>>> print(open('start30.txt').read())   # compact mmCIF, C-alpha atoms
# COMPACT_ATOMS: atom_id res chain seq x y z
CA MET V 133 3.01 -4.91 -44.51
CA LEU V 134 5.42 -4.19 -47.32
CA ALA V 135 9.17 -3.76 -47.06
CA VAL V 136 10.93 -1.19 -49.21
CA ALA V 137 14.67 -1.42 -49.81
CA GLY V 138 17.06 1.21 -51.05
CA LEU V 139 14.89 4.34 -50.80
CA ILE V 140 17.91 6.61 -50.93
CA GLY V 141 20.56 6.42 -53.60
CA LEU V 142 18.57 4.60 -56.27
CA GLY V 143 20.09 5.97 -59.44
CA ALA V 144 19.49 3.13 -61.86
CA LEU V 145 17.30 3.81 -64.85
CA PRO V 146 14.33 1.47 -65.25
CA SER V 147 14.22 -0.83 -68.26
CA GLN V 148 11.37 -0.73 -70.73
CA ALA V 149 10.21 -4.30 -70.00
CA ALA V 150 7.94 -3.12 -67.19
CA ASP V 151 4.84 -4.81 -65.80
CA LEU V 152 2.04 -3.78 -63.47
CA ALA V 153 1.03 -5.78 -60.42
CA VAL V 154 -2.71 -5.11 -60.21
CA LEU V 155 -3.99 -5.46 -56.65
CA HIS V 156 -7.46 -6.49 -55.53
CA ASN V 157 -8.12 -2.95 -54.25
CA GLY V 158 -7.69 -1.52 -57.76
CA PHE V 159 -4.23 -0.03 -57.33
CA SER V 160 -1.29 -1.09 -59.46
CA ILE V 161 2.46 -1.12 -58.86
CA ARG V 162 4.89 -0.73 -61.75
CA HIS V 163 7.96 -2.96 -61.51
CA GLU V 164 10.82 -4.22 -63.65
CA ARG V 165 10.82 -7.81 -62.42
CA ARG V 166 9.43 -9.93 -59.58
CA GLU V 167 10.04 -13.05 -57.55
CA VAL V 168 8.10 -15.00 -54.94
CA VAL V 169 9.66 -15.05 -51.46
CA GLY V 170 7.64 -17.22 -49.10
CA GLY V 171 4.09 -15.89 -48.98
CA ALA V 172 5.06 -12.55 -50.55
CA THR V 173 5.88 -11.36 -54.04
CA ARG V 174 8.92 -9.11 -54.28
CA LEU V 175 8.48 -6.36 -56.88
CA TYR V 176 11.70 -4.71 -58.03
CA LEU V 177 11.05 -1.06 -58.87
CA ALA V 178 14.25 -0.65 -60.89
CA SER V 179 16.80 -2.81 -62.63
CA GLY V 180 19.19 -4.57 -60.29
CA ASP V 181 18.53 -5.84 -56.78
CA THR V 182 17.88 -2.49 -55.07
CA GLY V 183 14.57 -0.73 -54.64
CA TYR V 184 11.86 -3.32 -54.12
CA ILE V 185 8.65 -3.81 -52.20
CA GLU V 186 7.18 -7.04 -50.91
CA VAL V 187 3.44 -7.49 -51.34
CA PRO V 188 1.50 -10.35 -49.77
CA SER V 189 0.85 -12.57 -52.79
CA GLY V 190 -2.81 -12.92 -51.86
CA GLN V 191 -3.32 -9.18 -52.41
CA ILE V 192 -2.29 -9.40 -56.08
CA ASP V 193 -5.12 -10.00 -58.54
CA HIS V 194 -3.03 -10.32 -61.70
CA PHE V 195 -0.06 -8.98 -63.65
CA GLU V 196 -0.17 -7.11 -66.93
CA HIS V 197 2.23 -5.27 -69.22
CA ASP V 198 2.65 -1.57 -68.44
CA PRO V 199 1.25 0.31 -71.47
CA THR V 200 3.26 3.43 -70.56
CA ALA V 201 6.58 1.61 -71.05
CA THR V 202 6.45 1.97 -74.84
CA ILE V 203 5.65 5.67 -74.51
CA ALA V 204 8.48 6.14 -72.01
CA ALA V 205 10.94 4.61 -74.44
CA LYS V 206 10.06 7.31 -76.98
CA SER V 207 9.85 10.27 -74.62
CA PRO V 208 12.04 10.75 -71.49
CA THR V 209 9.40 13.07 -70.04
CA GLN V 210 6.89 10.22 -69.69
CA PRO V 211 7.05 8.65 -66.21
CA SER V 212 6.22 5.37 -64.57
CA VAL V 213 3.20 5.30 -62.29
CA ALA V 214 2.72 3.41 -59.06
CA GLY V 215 -0.40 3.20 -56.93
CA THR V 216 -2.96 5.04 -59.10
CA LYS V 217 -5.26 4.38 -62.05
CA LEU V 218 -5.28 7.40 -64.32
CA LYS V 219 -7.21 8.75 -67.27
CA GLN V 220 -4.60 9.44 -69.93
CA ALA V 221 -4.00 12.86 -71.47
CA SER V 222 -0.98 14.96 -72.28
CA LEU V 223 0.54 18.40 -71.91
CA THR V 224 3.35 19.65 -74.09
CA ALA V 225 6.70 19.29 -72.32
CA PRO V 226 8.10 22.80 -72.96
CA ARG V 227 5.06 24.51 -71.49
CA LEU V 228 4.93 22.18 -68.50
CA ASP V 229 8.63 22.72 -67.85
CA GLU V 230 7.96 26.46 -67.66
CA VAL V 231 5.04 25.93 -65.27
CA ILE V 232 7.14 23.70 -63.00
CA SER V 233 10.11 26.08 -63.09
CA GLU V 234 8.02 29.12 -62.19
CA ALA V 235 6.10 27.42 -59.36
CA SER V 236 9.32 25.96 -57.96
CA ARG V 237 11.01 29.35 -58.01
CA ARG V 238 8.16 30.96 -56.08
CA GLN V 239 8.05 28.16 -53.50
CA ARG V 240 11.86 27.88 -53.29
CA LEU V 241 11.86 24.24 -54.34
CA ASP V 242 14.08 22.23 -56.63
CA PRO V 243 12.13 21.92 -59.92
CA ASP V 244 13.47 18.38 -60.31
CA LEU V 245 11.71 17.43 -57.08
CA VAL V 246 8.42 18.96 -58.21
CA SER V 247 8.76 17.20 -61.56
CA SER V 248 9.41 13.87 -59.82
CA VAL V 249 6.31 14.32 -57.66
CA ILE V 250 4.21 15.02 -60.76
CA ARG V 251 5.74 11.95 -62.39
CA ALA V 252 4.57 9.71 -59.54
CA GLU V 253 1.26 11.47 -58.98
CA SER V 254 -0.27 11.79 -62.44
CA ASN V 255 2.07 10.55 -65.16
CA PHE V 256 2.15 14.19 -66.35
CA ASN V 257 -1.57 13.92 -67.12
CA PHE V 258 -3.22 17.23 -66.27
CA ARG V 259 -6.69 15.62 -66.45
CA ALA V 260 -5.82 12.70 -64.17
CA VAL V 261 -8.40 11.64 -61.59
CA SER V 262 -7.57 8.99 -58.99
CA PRO V 263 -10.08 6.50 -57.54
CA LYS V 264 -10.12 8.62 -54.37
CA GLY V 265 -10.94 11.81 -56.26
CA ALA V 266 -7.52 13.49 -56.38
CA GLN V 267 -7.25 15.71 -59.43
CA GLY V 268 -4.74 17.11 -61.88
CA LEU V 269 -0.98 17.01 -62.25
CA MET V 270 -0.16 17.00 -58.54
CA GLN V 271 -3.32 15.08 -57.60
CA LEU V 272 -4.91 17.58 -55.25
CA MET V 273 -7.91 16.45 -53.26
CA PRO V 274 -10.82 18.90 -53.62
CA LYS V 275 -10.62 19.97 -49.96
CA THR V 276 -6.85 20.51 -50.16
CA ALA V 277 -7.20 22.40 -53.43
CA SER V 278 -9.79 24.69 -51.86
CA GLN V 279 -7.54 25.37 -48.86
CA LEU V 280 -4.71 26.24 -51.25
CA GLY V 281 -6.91 28.60 -53.25
CA VAL V 282 -6.96 26.38 -56.35
CA THR V 283 -10.37 26.83 -57.96
CA ASN V 284 -9.67 24.63 -60.97
CA ALA V 285 -7.48 21.63 -60.22
CA PHE V 286 -7.31 20.78 -63.93
CA ASP V 287 -5.59 24.07 -64.73
CA PRO V 288 -1.93 22.96 -64.95
CA LYS V 289 -0.53 26.26 -63.71
CA ALA V 290 -2.89 26.53 -60.73
CA ASN V 291 -2.51 22.85 -59.86
CA VAL V 292 1.30 22.88 -59.88
CA GLU V 293 1.40 26.14 -57.94
CA GLY V 294 -0.94 24.72 -55.30
CA GLY V 295 0.86 21.38 -55.14
CA ALA V 296 4.26 23.05 -54.86
CA GLN V 297 2.96 25.29 -52.08
CA TYR V 298 1.63 22.28 -50.19
CA LEU V 299 4.89 20.38 -50.68
CA ARG V 300 6.88 23.36 -49.38
CA THR V 301 4.63 23.51 -46.29
CA LEU V 302 5.22 19.81 -45.60
CA LEU V 303 8.99 20.15 -46.03
CA GLU V 304 9.04 22.97 -43.50
CA GLN V 305 6.81 20.97 -41.15
CA TYR V 306 9.25 18.03 -41.18
CA ASN V 307 12.43 20.13 -41.05
CA PHE V 308 13.11 19.44 -44.73
CA ASP V 309 13.11 15.67 -44.29
CA MET V 310 12.14 14.86 -47.88
CA VAL V 311 11.07 11.26 -47.19
CA LYS V 312 8.64 12.29 -44.44
CA ALA V 313 7.31 15.20 -46.51
CA LEU V 314 6.66 12.93 -49.48
CA ALA V 315 5.00 10.34 -47.28
CA ALA V 316 2.76 13.05 -45.84
CA TYR V 317 1.91 14.30 -49.32
CA ASN V 318 0.68 10.82 -50.19
CA ALA V 319 -0.81 9.48 -46.96
CA GLY V 320 -1.47 12.64 -44.97
CA PRO V 321 0.50 14.31 -42.16
CA GLN V 322 -1.58 12.63 -39.47
CA ARG V 323 -0.40 9.19 -40.55
CA VAL V 324 3.24 10.24 -40.69
CA THR V 325 2.88 11.60 -37.17
CA ARG V 326 1.14 8.44 -36.03
CA TYR V 327 3.90 6.14 -37.31
CA GLY V 328 6.80 8.51 -36.78
CA GLY V 329 7.79 8.33 -40.44
CA VAL V 330 6.68 6.56 -43.61
CA PRO V 331 3.46 4.65 -42.81
CA PRO V 332 3.48 0.87 -43.37
CA TYR V 333 1.31 1.19 -46.48
CA TYR V 334 2.62 -0.34 -49.69
CA GLU V 335 1.15 2.48 -51.78
CA THR V 336 2.98 5.15 -49.76
CA GLN V 337 6.23 3.20 -49.59
CA ALA V 338 6.23 2.58 -53.35
CA TYR V 339 5.34 6.22 -53.95
CA VAL V 340 8.25 7.54 -51.89
CA ALA V 341 10.65 5.04 -53.45
CA HIS V 342 9.65 6.06 -56.98
CA ILE V 343 10.10 9.76 -56.33
CA VAL V 344 13.43 9.40 -54.52
CA ARG V 345 14.79 7.17 -57.26
CA ASP V 346 13.66 9.52 -60.02
CA PHE V 347 14.99 12.60 -58.22
CA ASN V 348 18.34 10.93 -57.55
CA ARG V 349 18.57 9.88 -61.20
CA LYS V 350 18.13 13.48 -62.32
CA LYS V 351 20.73 14.77 -59.88
CA LEU V 352 23.20 12.11 -60.94
CA ALA V 353 22.68 13.05 -64.59
CA GLU V 354 23.20 16.73 -63.76
CA LYS V 355 26.38 15.92 -61.86
CA ARG V 356 27.78 13.91 -64.75
CA ALA V 357 26.88 16.62 -67.25
CA LEU V 358 28.57 19.26 -65.12
CA ALA V 359 31.68 17.12 -64.70
CA ALA V 360 31.88 16.58 -68.45
CA LYS V 361 31.49 20.30 -69.10
CA THR V 362 34.15 21.38 -66.60
CA LYS V 363 36.64 18.62 -67.42
CA PRO V 364 39.83 20.35 -68.70
CA ALA V 365 40.70 19.61 -72.30
CA LYS V 366 43.95 17.78 -72.94
CA VAL V 367 46.26 20.02 -74.95
CA ALA V 368 49.32 18.55 -76.62
CA VAL V 369 52.38 20.69 -75.84
CA ALA V 370 55.60 20.10 -77.73
CA SER V 371 58.77 19.80 -75.68
CA SER V 372 61.56 22.33 -76.14
CA GLY V 373 63.61 19.71 -77.93
CA SER V 374 60.82 18.92 -80.38
CA SER V 375 60.21 22.62 -80.90
CA SER V 376 63.87 23.20 -81.82
CA ALA V 377 63.81 20.31 -84.26
CA LEU V 378 60.71 21.69 -85.97
CA THR V 379 62.32 25.13 -86.22
CA GLN V 380 65.46 23.68 -87.77
CA ARG V 381 63.44 21.77 -90.35
CA ALA V 382 61.44 24.86 -91.24
CA ALA V 383 64.65 26.85 -91.74
CA ARG V 384 65.98 24.36 -94.28
>>> encode(input="start30.txt", output="structure tokens")
Amino acid sequence: MLAVAGLIGLGALPSQAADLAVLHNGFSIRHERREVVGGATRLYLASGDTGYIEVPSGQIDHFEHDPTATIAAKSPTQPSVAGTKLKQASLTAPRLDEVISEASRRQRLDPDLVSSVIRAESNFNFRAVSPKGAQGLMQLMPKTASQLGVTNAFDPKANVEGGAQYLRTLLEQYNFDMVKALAAYNAGPQRVTRYGGVPPYYETQAYVAHIVRDFNRKKLAEKRALAAKTKPAKVAVASSGSSSALTQRAAR
């Protein structure tokens, strides 16, 4: 079992010195740093001491440098990935932003949330295929895609529309509890029901932590930008005495 700390309120930006903990089952977990605690290895998902998971050390095959870290340093739209091996590809950011915005509007979702889900699911790779067969930007399983009416999961527009629709359904199912909805998106509603919340699976826990941290980071950035925009400008106003002195000098 893995422990996840600080799921809510993780606003710290990750550093670029990221590594991957590659597990024996083929999955990998991106982390900023790590330490051994007893028989477990604690993987810190962000800089600082908040947001970590503990993996039994025996489940880790090896560590390697995250090749996406260099890309992320050049482009803020490139995400970190946890829990999935992906075939790399790309989609131009402006077009994808439009796709996300439109699908979010139709499904009455925050586009930042949809973007954060895509970040964790596929690394913005519209041709991504997971070891379990999930496809496209929002990693739709073939059966789920069919139920959502998505005939081509590698079509970015159709995939995001279907994924956003499914996410909206889960949010409504769990009374807009975002953590439960995200856990259900990753592990399935039946497992969330079985455990009464986030299942004790390291993949699901890391997945939820990544999305919540990324979403919170975006909201914090928006809040700061808004505060900076609405902050009243300081205007220097001369006192009446200074004004009189200036007038007298001008009259001379």
>>> residues_around(input="start30.txt", residues="Glu186 (chain V)", least_positions_apart="4", cutoff="12 Å", atoms="only C-alpha atoms", output="count of residues only")
29
>>> closest_residue(input="start30.txt", among="V:Ile185, V:Arg326, V:Tyr317, V:Phe195", to="Asp151 (chain V)", atoms="only C-alpha atoms")
V:Phe195
>>> atom_distance(input="start30.txt", atom1="CA of Leu241 (chain V)", atom2="CA of Asp287 (chain V)")
20.3 Å
>>> closest_residue(input="start30.txt", among="V:Val292, V:Ala341, V:Leu358, V:Leu280", to="Ser254 (chain V)", atoms="only C-alpha atoms")
V:Val292
>>> closest_residue(input="start30.txt", among="V:Glu253, V:Glu354, V:Asp242, V:Asp346", to="Arg300 (chain V)", atoms="all atoms listed in the file")
V:Asp242
>>> closest_residue(input="start30.txt", among="V:Met273, V:Ala360, V:Ile343, V:Ala235", to="Ile250 (chain V)", atoms="all atoms listed in the file")
V:Ile343
>>> closest_residue(input="start30.txt", among="V:Asn291, V:Ser247, V:Thr283, V:Thr276", to="Ala260 (chain V)", atoms="only C-alpha atoms")
V:Asn291
>>> residues_around(input="start30.txt", residues="Gly295 (chain V)", least_positions_apart="4", cutoff="8 Å", atoms="only C-alpha atoms", output="PyMOL selection string")
chain V and resi 270-272+291+299
>>> axis_aligned_box(input="start30.txt", around="region 230-246 of chain V", padding_each_side="5 Å", output="lines of an AutoDock Vina configuration file")
center_x = 9.6
center_y = 24.2
center_z = -60.5
size_x = 19.0
size_y = 23.5
size_z = 24.4
>>> atom_distance(input="start30.txt", atom1="CA of Ala277 (chain V)", atom2="CA of Ser233 (chain V)")
20.2 Å
>>> atom_distance(input="start30.txt", atom1="CA of Val311 (chain V)", atom2="CA of Val340 (chain V)")
6.6 Å
>>> residues_around(input="start30.txt", residues="Pro321 (chain V)", least_positions_apart="4", cutoff="12 Å", atoms="all atoms listed in the file", output="list in words")
Tyr298, Leu299, Thr301, Leu302, Leu303, Gln305, Tyr306, Lys312, Ala313, Leu314, Ala315, Ala316, Tyr317, Thr325, Arg326, Tyr327, Gly328, Gly329, Val330 and Pro331 of chain V
